[in-house]
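Visitor: What follows is a single structure, and I will ask about it in a moment.
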Amino acid sequence: MANFNGKKILVIGGSRGIGAAIVRRFASEGATVAFTYAGATDAAKVLASETGSTAIRSDAADRDAVIKVVKDQGALDVLVVNAGTLVLGDPLEVDADAVDRMIDVNVRAPYHAAVEAARQMPEGGRIIIVGSVNGDRMPFAGGAAYALTKSAVQGMARGLARDFGAKGITVNVIQPGPTSTDMNPEDGPMSDFMHSFMAIKRHGRPEEVAGLAAYLAGPEAGFTTGALHTIDGGFGA
Ligand code: NDP
């Protein structure tokens with residue numbers, strides 16, 4: 001198991017769900033971890049106190065705030081951009097402002113955070129974006145806007161991997177399938193429908209996604225970059 005003693009890690013969007021599991025994983029392996037959140041102050045405080053990490057309230061939809069929070073951290077060994085929102089619905093009806101805000105959080109934030117992190121990141125640094133298997137496959141109606149955000153980070157990671165490869169910095173995307181969180185609870189009304197697309201008919205656990213993040217951030221993954229790492233119970237198979 002990788003050990004992150006002495007490593008400095010920032011998780012954008014870490015108060016709940018997959019992000020919180022990533023914070024817990026890195027903190028449990030000795031890293032100095034900070035994470036951002038938008039509204040869930042109570043959850044953020046509990047997580048920070050349980051893990052010894054630092055919670056920072058910062059809206060990922062605000063470009064200047066994203067750049068500032070990354071810059072303020074100084075030289076990061078690992079940046080994880082996990083913050084995401086999900087807007088589903090008939091594109092003829094769905095609120096255009098909600099779609100644009102989702103694009104701000106899911107696409108613009110990862111780009112600006114990654115670029116800002118790379119300015120100070122040392123050789124061997126790691127940038128990990130949490131995308132979705134929906135970047136590859138959107139097997140039901142109402143998900144076009146969400147899918148576009150998760151496809152966008154695929155191209156972003158491929159390009160940034162080439163931009164930052166000479167510095168020894170890797171850029172990868174984790175693509176979860178249905179994972180049990182507030183965004184997509186396993187006991188929710190859509191579960192059976194989602195499981196019908198999957199080879200392993202259950203939701204993933206946030207800790208399983210955090211394990212993949214730990215691998216990608218660790219020393220064994222230094223030759224892995226510009227790649228999509230799907231962890232989806234076969235949703236996209
Ligand atoms: P949750 O809704 O459970 O948690 C989202 C996290 O992101 C929270 O910590 C939240 O902070 C933070 N966040 C959201 N918006 C902002 C913002 N504007 N600024 C700062 N932080 C923000 O989601 P999940 O854990 O399920 O999802 C995490 C990522 O995984 C997302 O990118 C999502 O698209 C992706 N994903 C999830 C899947 C699933 O089935 N769960 C499947 C595929 C991909 P706060 O608590 O303050 O709101």
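Chain labels follow the order of the structure tokens: the first chain is A, the next B, and so on; residue numbering restarts at 1 in every chain, and ligands are counted from 1 in their shown order.
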Set the cut-off to 7 Å, count only C-alpha atoms and all ligand atoms, and list whatever residues fall near ligand 1 as a VMD selection string.

Guide: chain A and resid 12 to 20 36 to 41 43 58 to 61 82 to 86 105 to 106 130 to 133 175 to 184

Visitor: Output C-alpha atoms for every residue in that selection, as a compact mmCIF listing (two decimals), in the first residue's frame.

Guide:
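Printed below is part-v8.txt as written:
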```
# COMPACT_ATOMS: atom_id res chain seq x y z
CA ILE A 12 -11.40 20.04 -4.43
CA GLY A 13 -14.85 18.97 -3.21
CA GLY A 14 -14.01 16.72 -0.28
CA SER A 15 -16.70 17.10 2.37
CA ARG A 16 -18.98 14.21 1.37
CA GLY A 17 -19.21 11.07 -0.74
CA ILE A 18 -16.30 10.05 -2.94
CA GLY A 19 -14.28 13.16 -2.04
CA ALA A 20 -14.59 12.47 1.68
CA THR A 36 -12.71 22.35 -0.19
CA TYR A 37 -16.46 22.28 0.07
CA ALA A 38 -19.35 24.52 -0.91
CA GLY A 39 -22.20 24.25 1.57
CA ALA A 40 -21.93 21.22 3.84
CA THR A 41 -20.18 22.96 6.72
CA ALA A 43 -19.94 17.46 7.33
CA SER A 58 -14.62 27.66 -1.55
CA ASP A 59 -17.11 27.49 -4.40
CA ALA A 60 -15.74 25.49 -7.34
CA ALA A 61 -18.08 27.38 -9.66
CA ASN A 82 -13.64 15.67 -7.30
CA ALA A 83 -16.32 18.38 -6.93
CA GLY A 84 -19.21 17.71 -9.23
CA THR A 85 -22.88 18.37 -9.66
CA LEU A 86 -25.46 16.34 -11.53
CA VAL A 105 -18.03 23.05 -11.50
CA ASN A 106 -17.44 19.91 -13.57
CA VAL A 130 -12.97 12.57 -10.99
CA GLY A 131 -14.99 12.19 -14.19
CA SER A 132 -17.64 9.53 -14.80
CA VAL A 133 -18.30 6.48 -16.91
CA GLN A 175 -14.42 7.34 -14.07
CA PRO A 176 -16.76 5.91 -11.43
CA GLY A 177 -19.96 4.17 -12.28
CA PRO A 178 -22.91 4.28 -9.86
CA THR A 179 -21.38 4.83 -6.43
CA SER A 180 -23.41 5.11 -3.26
CA THR A 181 -23.32 8.73 -2.10
CA ASP A 182 -25.79 11.53 -1.47
CA MET A 183 -25.71 12.19 -5.23
CA ASN A 184 -26.63 8.60 -6.08
```

Visitor: Return as a Markdown table the residues of region 37-147 of chain A lying at most 10 Å from region 201-217 of chain A, together with the closest atom-to-atom pair for each and the distance in Å to one decimal, counting only C-alpha atoms, with rows in chain order and ascending residue number.

Guide:
```
| residue | atom | partner | partner_atom | distance |
| --- | --- | --- | --- | --- |
| A:Asp77 | CA | A:Ala217 | CA | 8.6 |
| A:Val78 | CA | A:Ala217 | CA | 6.6 |
| A:Leu79 | CA | A:Ala217 | CA | 9.0 |
| A:Val80 | CA | A:Ala213 | CA | 8.3 |
| A:Gly124 | CA | A:Ala217 | CA | 9.3 |
| A:Gly125 | CA | A:Ala217 | CA | 8.1 |
| A:Arg126 | CA | A:Ala217 | CA | 5.8 |
| A:Ile127 | CA | A:Ala217 | CA | 8.0 |
| A:Ile128 | CA | A:Ala213 | CA | 7.4 |
| A:Ile129 | CA | A:Ala213 | CA | 9.4 |
| A:Val130 | CA | A:Ala213 | CA | 9.1 |
```

Visitor: Could those residues be written to a file, using C-alpha atoms, as a PDB file, in the first residue's frame?

Guide:
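Final file, result-v9.pdb:
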```pdb
ATOM      1  CA  ASP A  77       2.246  16.756  -4.427  1.00  0.00           C
ATOM      2  CA  VAL A  78      -1.270  15.645  -5.376  1.00  0.00           C
ATOM      3  CA  LEU A  79      -4.320  17.542  -6.596  1.00  0.00           C
ATOM      4  CA  VAL A  80      -7.636  15.714  -6.770  1.00  0.00           C
ATOM      5  CA  GLY A 124       6.461  13.481  -9.703  1.00  0.00           C
ATOM      6  CA  GLY A 125       3.313  15.449  -8.966  1.00  0.00           C
ATOM      7  CA  ARG A 126      -0.089  13.944  -9.585  1.00  0.00           C
ATOM      8  CA  ILE A 127      -3.287  15.517 -10.910  1.00  0.00           C
ATOM      9  CA  ILE A 128      -6.409  13.362 -10.657  1.00  0.00           C
ATOM     10  CA  ILE A 129      -9.799  14.430 -12.011  1.00  0.00           C
ATOM     11  CA  VAL A 130     -12.974  12.566 -10.993  1.00  0.00           C
TER      12      VAL A 130
END
```

Visitor: Measuring atom to atom with only C-alpha atoms, identify which of A:Ala117, A:Ile200, A:Ser151, A:Ala96 is nearest to Phe164 (chain A).

Guide: A:Ala117

Visitor: Write out as a ChimeraX atom specification all residues of region 66-137 of chain A that DSSP puts in strand (DSSP E or B) for this structure's backbone.

Guide: /A:78-81,126-130

Visitor: Since we have the selection now, will you write its residues out, keeping C-alpha atoms, as a PDB file, in the first residue's frame?

Guide:
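Result written to out-v8.pdb:
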```pdb
ATOM      1  CA  VAL A  78      -1.270  15.645  -5.376  1.00  0.00           C
ATOM      2  CA  LEU A  79      -4.320  17.542  -6.596  1.00  0.00           C
ATOM      3  CA  VAL A  80      -7.636  15.714  -6.770  1.00  0.00           C
ATOM      4  CA  VAL A  81     -10.553  17.547  -8.399  1.00  0.00           C
ATOM      5  CA  ARG A 126      -0.089  13.944  -9.585  1.00  0.00           C
ATOM      6  CA  ILE A 127      -3.287  15.517 -10.910  1.00  0.00           C
ATOM      7  CA  ILE A 128      -6.409  13.362 -10.657  1.00  0.00           C
ATOM      8  CA  ILE A 129      -9.799  14.430 -12.011  1.00  0.00           C
ATOM      9  CA  VAL A 130     -12.974  12.566 -10.993  1.00  0.00           C
TER      10      VAL A 130
END
```

Visitor: Could you jot down the CA of Ala34 (chain A) to CA of Asp97 (chain A) separation for me, Å, one decimal place?

Guide: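 Interatomic distance here is 29.5 Å.
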
Visitor: Quick one: pull the distance between CA of Pro91 (chain A) and CA of Pro189 (chain A), Å, one decimal.

Guide: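 Between CA of Pro91 (chain A) and CA of Pro189 (chain A) the gap works out to 21.2 Å.
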